[in-house]
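The data block below is my_file-v4.txt; it holds compact mmCIF, C-alpha atoms (C1' of nucleotides).
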```
# COMPACT_ATOMS: atom_id res chain seq x y z
CA MET A 1 -27.61 47.69 1.13
CA THR A 2 -29.52 50.54 2.55
CA ALA A 3 -29.93 51.09 6.20
CA THR A 4 -33.04 50.07 7.98
CA SER A 5 -36.11 51.68 6.57
CA ALA A 6 -39.44 51.92 8.24
CA PRO A 7 -40.81 48.51 9.13
CA THR A 8 -42.93 47.37 6.26
CA SER A 9 -44.81 44.73 8.12
CA ALA A 10 -47.74 45.57 10.27
CA PRO A 11 -46.80 46.17 13.86
CA GLU A 12 -47.67 43.20 15.96
CA ARG A 13 -50.23 45.05 17.95
CA GLY A 14 -53.90 45.08 18.37
CA ALA A 15 -54.23 41.33 18.28
CA GLU A 16 -54.74 41.11 21.99
CA PRO A 17 -58.34 40.42 22.91
CA ALA A 18 -60.24 42.86 24.99
CA PRO A 19 -59.85 42.29 28.72
CA ALA A 20 -63.28 41.19 29.85
CA ALA A 21 -61.80 38.22 31.64
CA PRO A 22 -64.49 37.14 34.04
CA GLY A 23 -64.04 36.37 37.66
CA ASP A 24 -60.87 38.30 38.38
CA SER A 25 -62.45 41.44 39.66
CA ALA A 26 -61.01 40.74 43.07
CA GLY A 27 -57.46 40.32 41.84
CA PRO A 28 -54.88 43.05 41.46
CA ALA A 29 -55.03 45.15 38.34
CA ARG A 30 -53.03 43.83 35.42
CA PRO A 31 -52.43 45.18 31.95
CA ALA A 32 -55.19 44.36 29.53
CA GLY A 33 -54.72 41.16 27.63
CA THR A 34 -52.18 39.64 29.95
CA THR A 35 -54.59 37.28 31.60
CA GLU A 36 -53.64 33.63 31.12
CA THR A 37 -50.38 34.64 29.49
CA VAL A 38 -48.44 36.23 32.28
CA PRO A 39 -48.85 34.82 35.78
CA ALA A 40 -49.40 37.27 38.56
CA GLY A 41 -46.07 38.38 39.93
CA ALA A 42 -44.21 37.74 36.71
CA PRO A 43 -41.60 40.34 35.84
CA SER A 44 -42.74 43.23 33.71
CA PRO A 45 -41.18 43.88 30.30
CA GLU A 46 -39.34 46.86 31.71
CA GLU A 47 -37.74 44.72 34.41
CA LEU A 48 -36.31 42.43 31.76
CA HIS A 49 -35.29 44.67 28.86
CA GLY A 50 -32.52 46.62 30.55
CA PRO A 51 -30.66 43.80 32.25
CA VAL A 52 -30.89 41.43 29.28
CA VAL A 53 -29.78 43.96 26.68
CA GLU A 54 -26.97 45.20 28.88
CA TRP A 55 -25.84 41.67 29.46
CA PHE A 56 -25.88 41.10 25.72
CA ASP A 57 -23.78 44.18 25.07
CA ALA A 58 -21.13 42.80 27.39
CA ASN A 59 -21.34 39.10 26.53
CA ALA A 60 -22.45 38.67 22.94
CA ARG A 61 -20.29 36.29 20.93
CA ASP A 62 -18.48 37.71 17.95
CA LEU A 63 -20.14 35.56 15.30
CA PRO A 64 -19.44 36.22 11.61
CA TRP A 65 -23.09 36.63 10.68
CA ARG A 66 -23.43 39.36 13.28
CA ARG A 67 -20.78 41.50 11.67
CA PRO A 68 -22.00 44.30 9.41
CA GLU A 69 -20.23 42.88 6.36
CA ALA A 70 -22.32 39.71 6.58
CA GLY A 71 -25.28 41.52 5.06
CA ALA A 72 -28.76 40.09 4.73
CA TRP A 73 -27.54 37.17 2.65
CA GLY A 74 -25.03 36.20 5.32
CA VAL A 75 -27.74 36.37 7.93
CA MET A 76 -30.02 34.21 5.83
CA VAL A 77 -27.36 31.59 5.14
CA SER A 78 -26.54 31.42 8.85
CA GLU A 79 -30.19 31.03 9.80
CA PHE A 80 -30.64 28.10 7.45
CA MET A 81 -27.54 26.40 8.77
CA LEU A 82 -28.43 27.04 12.39
CA GLN A 83 -31.79 25.34 12.10
CA GLN A 84 -31.19 22.45 14.48
CA THR A 85 -27.41 22.59 14.17
CA PRO A 86 -25.01 24.00 16.81
CA VAL A 87 -23.00 27.15 16.17
CA SER A 88 -19.64 25.44 16.47
CA ARG A 89 -20.41 23.11 13.58
CA VAL A 90 -21.90 25.83 11.42
CA LEU A 91 -18.95 28.24 11.61
CA PRO A 92 -16.52 26.63 9.13
CA VAL A 93 -19.22 25.72 6.62
CA TYR A 94 -20.69 29.19 6.78
CA GLU A 95 -17.33 30.78 6.00
CA GLU A 96 -16.83 28.48 3.03
CA TRP A 97 -20.32 29.15 1.64
CA LEU A 98 -19.99 32.90 1.79
CA ARG A 99 -16.55 32.79 0.27
CA ARG A 100 -17.87 30.68 -2.62
CA TRP A 101 -21.25 32.29 -3.03
CA PRO A 102 -21.10 35.86 -1.69
CA ARG A 103 -24.47 36.76 -3.22
CA PRO A 104 -27.71 34.86 -3.73
CA ALA A 105 -27.25 34.92 -7.51
CA ASP A 106 -23.89 33.18 -7.13
CA LEU A 107 -25.51 30.25 -5.40
CA ALA A 108 -28.45 30.26 -7.77
CA ALA A 109 -26.06 29.86 -10.70
CA GLU A 110 -24.64 26.72 -9.11
CA SER A 111 -26.16 23.26 -9.36
CA PRO A 112 -28.27 22.16 -6.39
CA GLY A 113 -25.96 19.18 -6.03
CA GLU A 114 -23.01 21.44 -5.32
CA ALA A 115 -25.00 23.08 -2.56
CA VAL A 116 -25.71 19.67 -1.07
CA ARG A 117 -22.06 18.71 -1.33
CA ALA A 118 -20.88 21.92 0.28
CA TRP A 119 -23.40 21.41 3.04
CA GLY A 120 -21.10 18.68 4.27
CA ARG A 121 -22.16 16.98 7.45
CA LEU A 122 -24.33 19.72 8.90
CA GLY A 123 -27.28 17.36 8.76
CA TYR A 124 -30.79 17.74 7.33
CA PRO A 125 -29.44 18.23 3.78
CA ARG A 126 -32.84 19.25 2.50
CA ARG A 127 -31.94 22.60 4.00
CA ALA A 128 -29.17 22.93 1.42
CA LEU A 129 -31.67 22.27 -1.33
CA ARG A 130 -34.08 24.82 0.11
CA LEU A 131 -31.39 27.43 0.54
CA HIS A 132 -30.44 26.92 -3.08
CA GLY A 133 -34.09 27.30 -4.01
CA ALA A 134 -34.39 30.42 -1.91
CA ALA A 135 -31.36 31.89 -3.67
CA ALA A 136 -32.94 31.15 -7.03
CA ALA A 137 -36.19 32.78 -5.99
CA ILE A 138 -34.33 35.83 -4.70
CA ALA A 139 -32.43 36.13 -7.96
CA GLU A 140 -35.58 35.78 -10.02
CA ARG A 141 -38.20 37.60 -8.03
CA HIS A 142 -36.28 40.10 -5.94
CA GLY A 143 -33.53 41.36 -8.19
CA GLY A 144 -30.90 39.43 -6.29
CA ASP A 145 -31.53 41.11 -2.96
CA VAL A 146 -32.84 39.30 0.10
CA PRO A 147 -36.36 40.70 0.52
CA LYS A 148 -37.11 42.85 3.53
CA ASP A 149 -40.78 42.17 3.79
CA HIS A 150 -41.73 39.44 6.23
CA HIS A 151 -44.39 38.18 3.86
CA HIS A 152 -41.95 37.84 0.98
CA LEU A 153 -39.43 36.12 3.22
CA LEU A 154 -42.02 33.60 4.35
CA ALA A 155 -42.73 32.70 0.74
CA LEU A 156 -39.17 31.50 0.19
CA PRO A 157 -38.48 27.76 0.42
CA GLY A 158 -37.12 26.74 3.79
CA VAL A 159 -38.18 29.98 5.45
CA GLY A 160 -40.73 29.55 8.19
CA GLU A 161 -42.04 31.80 10.90
CA TYR A 162 -38.83 31.85 12.87
CA THR A 163 -36.40 32.38 9.99
CA ALA A 164 -38.52 35.11 8.40
CA ALA A 165 -38.64 37.00 11.67
CA ALA A 166 -34.94 36.44 12.32
CA VAL A 167 -33.84 37.77 8.93
CA ALA A 168 -36.20 40.74 9.09
CA SER A 169 -35.00 41.53 12.58
CA PHE A 170 -31.26 40.81 12.44
CA ALA A 171 -30.59 41.86 8.87
CA TYR A 172 -33.00 44.75 8.58
CA GLY A 173 -33.59 45.91 12.14
CA GLN A 174 -37.32 45.40 12.00
CA ARG A 175 -39.64 44.76 14.88
CA HIS A 176 -40.65 41.10 14.98
CA ALA A 177 -41.18 38.52 17.67
CA VAL A 178 -38.35 36.06 17.12
CA LEU A 179 -39.33 32.81 18.78
CA ASP A 180 -36.71 30.13 18.65
CA THR A 181 -36.04 27.36 21.10
CA ASN A 182 -33.72 29.58 23.16
CA VAL A 183 -36.19 32.43 23.48
CA ARG A 184 -39.02 30.05 24.26
CA ARG A 185 -37.01 28.55 27.09
CA VAL A 186 -36.02 31.94 28.49
CA PHE A 187 -39.63 33.11 28.48
CA ALA A 188 -40.89 29.84 29.90
CA ARG A 189 -38.59 30.23 32.88
CA ALA A 190 -38.37 33.95 33.44
CA VAL A 191 -42.00 34.79 32.82
CA THR A 192 -44.13 31.67 32.97
CA GLY A 193 -42.16 29.93 35.68
CA SER A 194 -41.78 26.60 33.89
CA GLN A 195 -38.56 24.72 33.44
CA TYR A 196 -39.30 24.02 29.80
CA PRO A 197 -41.60 25.46 27.15
CA PRO A 198 -44.34 23.31 25.60
CA ASN A 199 -43.33 20.79 22.94
CA ALA A 200 -44.86 22.82 20.14
CA THR A 201 -45.03 26.60 19.99
CA THR A 202 -48.38 27.80 21.27
CA ALA A 203 -50.48 30.85 20.57
CA ALA A 204 -49.88 31.94 24.16
CA GLU A 205 -46.14 31.95 23.57
CA ARG A 206 -46.49 34.07 20.44
CA LYS A 207 -48.72 36.48 22.29
CA LEU A 208 -46.28 36.72 25.17
CA ALA A 209 -43.39 37.32 22.79
CA ARG A 210 -45.31 40.17 21.17
CA MET A 211 -46.16 41.70 24.50
CA LEU A 212 -42.54 41.66 25.61
CA LEU A 213 -41.31 43.19 22.35
CA PRO A 214 -39.96 46.73 22.80
CA GLU A 215 -41.76 49.36 20.78
CA ASP A 216 -38.72 50.80 19.06
CA PRO A 217 -37.71 48.57 16.11
CA GLY A 218 -33.99 48.85 16.73
CA THR A 219 -34.42 48.04 20.39
CA ALA A 220 -36.72 45.15 19.51
CA ALA A 221 -34.09 43.67 17.20
CA ARG A 222 -31.51 44.01 19.94
CA TRP A 223 -33.86 42.37 22.41
CA ALA A 224 -34.47 39.48 20.05
CA ALA A 225 -30.77 38.78 19.65
CA ALA A 226 -30.17 39.25 23.36
CA THR A 227 -32.84 36.80 24.50
CA MET A 228 -31.57 34.21 22.03
CA GLU A 229 -28.03 34.64 23.27
CA LEU A 230 -29.12 34.42 26.88
CA GLY A 231 -30.83 31.14 26.16
CA ALA A 232 -27.82 29.82 24.29
CA LEU A 233 -25.17 30.79 26.84
CA VAL A 234 -26.85 31.05 30.25
CA CYS A 235 -30.43 29.81 30.32
CA THR A 236 -29.46 26.51 28.75
CA ALA A 237 -31.67 23.45 28.57
CA ARG A 238 -29.71 21.05 30.73
CA THR A 239 -27.84 22.97 33.42
CA PRO A 240 -28.65 26.67 33.36
CA ARG A 241 -26.03 29.02 34.75
CA CYS A 242 -28.40 30.93 36.95
CA GLY A 243 -25.48 32.28 38.98
CA THR A 244 -24.48 34.50 36.07
CA CYS A 245 -27.96 35.28 34.78
CA PRO A 246 -28.79 38.99 34.61
CA ILE A 247 -32.45 38.36 35.44
CA ALA A 248 -32.12 35.57 37.99
CA ARG A 249 -33.79 37.70 40.66
CA GLN A 250 -36.78 38.49 38.44
CA CYS A 251 -37.04 34.95 37.08
CA ALA A 252 -40.40 33.37 37.88
CA TRP A 253 -38.92 29.90 37.75
CA GLN A 254 -36.15 30.81 40.18
CA ARG A 255 -38.62 32.54 42.49
CA ALA A 256 -40.67 29.35 42.52
CA GLY A 257 -37.64 27.34 43.61
CA ALA A 258 -36.70 26.01 40.18
CA PRO A 259 -39.25 23.19 40.20
CA GLU A 260 -38.54 20.17 38.02
CA HIS A 261 -40.60 19.62 34.90
CA GLU A 262 -43.79 17.72 35.61
CA GLY A 263 -45.72 15.41 33.37
CA PRO A 264 -44.68 12.92 30.72
CA PRO A 265 -41.00 12.98 29.71
CA ARG A 266 -40.36 14.80 26.48
CA ARG A 267 -39.88 12.44 23.59
CA VAL A 268 -36.35 11.87 22.49
CA GLN A 269 -35.83 11.28 18.83
CA THR A 270 -34.36 7.94 17.99
CA TYR A 271 -31.82 7.70 15.26
CA ALA A 272 -29.93 4.44 15.16
CA GLY A 273 -31.43 2.12 12.62
CA THR A 274 -33.89 4.64 11.24
CA ASP A 275 -34.34 5.64 7.63
CA ARG A 276 -32.66 8.89 8.48
CA GLN A 277 -29.47 7.12 9.34
CA VAL A 278 -29.61 5.15 6.11
CA ARG A 279 -30.29 8.28 4.08
CA GLY A 280 -27.30 9.84 5.74
CA LYS A 281 -25.06 6.91 4.83
CA LEU A 282 -26.18 6.91 1.21
CA LEU A 283 -25.85 10.64 0.79
CA ALA A 284 -22.40 10.62 2.38
CA VAL A 285 -21.21 8.24 -0.33
CA LEU A 286 -22.59 10.49 -3.06
CA ARG A 287 -21.20 13.65 -1.46
CA GLU A 288 -17.72 12.23 -1.38
CA SER A 289 -17.72 10.94 -4.92
CA LEU A 290 -17.13 13.38 -7.72
CA ALA A 291 -18.16 10.81 -10.33
CA PRO A 292 -21.62 9.20 -10.53
CA VAL A 293 -21.90 6.15 -8.27
CA PRO A 294 -22.92 2.67 -9.44
CA PRO A 295 -25.70 0.96 -7.48
CA ALA A 296 -23.28 -1.69 -6.23
CA VAL A 297 -21.35 0.93 -4.32
CA LEU A 298 -24.45 2.20 -2.60
CA ASP A 299 -25.35 -1.37 -1.70
CA GLN A 300 -22.38 -1.43 0.61
CA ALA A 301 -23.56 1.56 2.58
CA TRP A 302 -26.34 -0.38 4.34
CA ARG A 303 -27.05 -4.06 4.84
CA ASP A 304 -30.83 -4.33 4.72
CA PRO A 305 -31.85 -4.03 1.04
CA VAL A 306 -35.46 -3.17 1.85
CA GLN A 307 -34.57 -0.25 4.04
CA ARG A 308 -31.78 0.77 1.72
CA LEU A 309 -34.13 1.00 -1.23
CA ARG A 310 -36.74 2.83 0.78
CA ALA A 311 -34.16 5.40 1.86
CA LEU A 312 -32.84 5.79 -1.67
CA ASN A 313 -36.32 6.31 -3.03
CA GLY A 314 -36.90 8.91 -0.39
CA LEU A 315 -33.76 10.75 -1.40
CA LEU A 316 -34.82 10.60 -5.05
CA ALA A 317 -38.29 11.88 -4.18
CA ASP A 318 -36.77 14.74 -2.19
CA GLY A 319 -34.55 15.74 -5.09
CA LEU A 320 -31.41 15.09 -3.08
CA VAL A 321 -30.30 12.32 -5.44
CA GLU A 322 -30.53 11.89 -9.18
CA ARG A 323 -30.57 8.66 -11.20
CA LEU A 324 -28.77 8.79 -14.53
CA PRO A 325 -29.98 6.90 -17.62
CA ASP A 326 -27.14 4.39 -17.15
CA GLY A 327 -28.44 3.53 -13.67
CA ARG A 328 -25.78 5.33 -11.68
CA PHE A 329 -26.58 7.90 -9.00
CA ARG A 330 -25.27 11.36 -8.20
CA LEU A 331 -26.16 14.57 -6.41
CA PRO A 332 -28.71 16.58 -8.43
CA GLY A 333 -27.18 18.31 -11.43
CA ALA A 334 -23.70 17.86 -10.07
C1' DT B 335 -51.19 18.23 15.71
C1' DA B 336 -47.69 14.78 15.25
C1' DT B 337 -43.88 13.06 12.33
C1' DT B 338 -40.14 13.20 9.59
C1' DC B 339 -35.84 14.88 8.38
C1' DG B 340 -28.84 14.27 10.06
C1' DT B 341 -25.10 14.77 12.71
C1' DG B 342 -21.86 15.13 16.35
C1' DG B 343 -20.33 16.80 20.81
C1' DG B 344 -20.79 17.52 25.76
C1' DA B 345 -22.34 15.85 30.31
C1' DT C 346 -21.18 4.63 27.27
C1' DT C 347 -25.51 6.43 26.82
C1' DC C 348 -28.29 10.12 26.62
C1' DC C 349 -29.60 14.76 25.34
C1' DC C 350 -30.30 18.04 22.21
C1' DA C 351 -28.77 22.15 18.87
C1' DA C 352 -31.03 29.73 15.97
C1' DG C 353 -37.01 24.68 12.45
C1' DA C 354 -39.61 23.62 8.24
C1' DA C 355 -42.75 20.95 5.73
C1' DT C 356 -46.37 17.90 5.52
```
Output the structure of this file as structure tokens.
Amino acid sequence: MTATSAPTSAPERGAEPAPAAPGDSAGPARPAGTTETVPAGAPSPEELHGPVVEWFDANARDLPWRRPEAGAWGVMVSEFMLQQTPVSRVLPVYEEWLRRWPRPADLAAESPGEAVRAWGRLGYPRRALRLHGAAAAIAERHGGDVPKDHHHLLALPGVGEYTAAAVASFAYGQRHAVLDTNVRRVFARAVTGSQYPPNATTAAERKLARMLLPEDPGTAARWAAATMELGALVCTARTPRCGTCPIARQCAWQRAGAPEHEGPPRRVQTYAGTDRQVRGKLLAVLRESLAPVPPAVLDQAWRDPVQRLRALNGLLADGLVERLPDGRFRLPGA
DNA sequence: TATTCGTGGGA
DNA sequence: TTCCCAAGAAT
């Protein structure tokens, strides 16, 4: 793989609206376009960059997908696995995947069912299917190399705004706003002064992330990784370790006295008794069986036949399960 | 915009 | 034990 070339995507600049914010002529001067996004008194980008990046240099975890030998494919595999799944559970599966399928074409040559099986219990197995599909698309459309262009990345199955930016940034050193749940929380606290970010990513958050992004691509990539790591290790959701935070003194939330979240409690996803749990039970049976499974075996995975059938049909519709002519079931193409 | 989609570990 | 919630994407 070649080293980082010039960023191919358009720099995330110029999207900020002209100042012209009415009614603030009496207030202190602020940079254009920061109105409504950055509260008065919030730390400037320069106050945050140094401490956060220095902290990262000293405290970054040695994760396999951060090592140079991981390559863009390793970064992409890790990003898929880390979507909603903790690092500790991803580690062993990641190692196994890269050992088995060191290049996208290796995975593409495999059946989708094998990808689902090797996904193990990481959860959300559709990600395995999408990663397999992404590998196939990379093999077919990109000569077997993970594309560098943000636009091409976004076109791959399972790659959304976050993952496209993460791969472009971490694998290729490009300048992109990388907005994951960690970064959103760090910005919400340090800059906006809120304990938690909004439920869904807002335009204001994207704008803020772009404004905080260092100009130099390499520095921007470093900043992206550093803010994520800070959110993962220090500025955690439940009990942040503000005593060890490199920007605790600049933090708007700390300065405001760390006020508790106001408003309606954030919805917690239920799981017990849902279709998701049933799907999980059914798929676990199929994952662990090398031979196709008769319907009677699946019947034992869940009591309620109505819900069981609904879940099975969902799995079939998603392409996670295949029904053979003889009525037995298996992972797709396995 | 709101839902759906797994799983397991820490507090 | 129960309750959160963990590097999102697709619809």
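Among the candidate residues A:Arg121, A:Arg249, A:His142, A:Arg103, the one lying nearest to chain B is A:Arg121, with distances computed using only C-alpha atoms (C1' of nucleotides).
With CA of His132 in chain A on one side and CA of Asp145 in chain A on the other, the separation reads 14.2 Å.
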Top pick for closest residue to chain B, considering A:Thr244, A:Ser111, A:Thr201, A:Ser289 and counting only C-alpha atoms (C1' of nucleotides): A:Thr201
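If you take all atoms listed in the file and a cut-off of 10 Å, the residues of chain A that reach chain B are Gln84, Thr85, Pro86, Ser88, Arg89, Arg121, Leu122, Gly123, Tyr124, Pro125, Arg126, Arg127, Ala200, Arg238, Thr239, Tyr271, Asp275, Arg276, Gln277, Val278, Arg279, Gly280 and Lys281 of chain A.
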Counting all atoms listed in the file, chain A residues within 8 Å of chain C, as an NGL selection string: :A and (79 or 82-86 or 158-160 or 162 or 180-182 or 228 or 268)
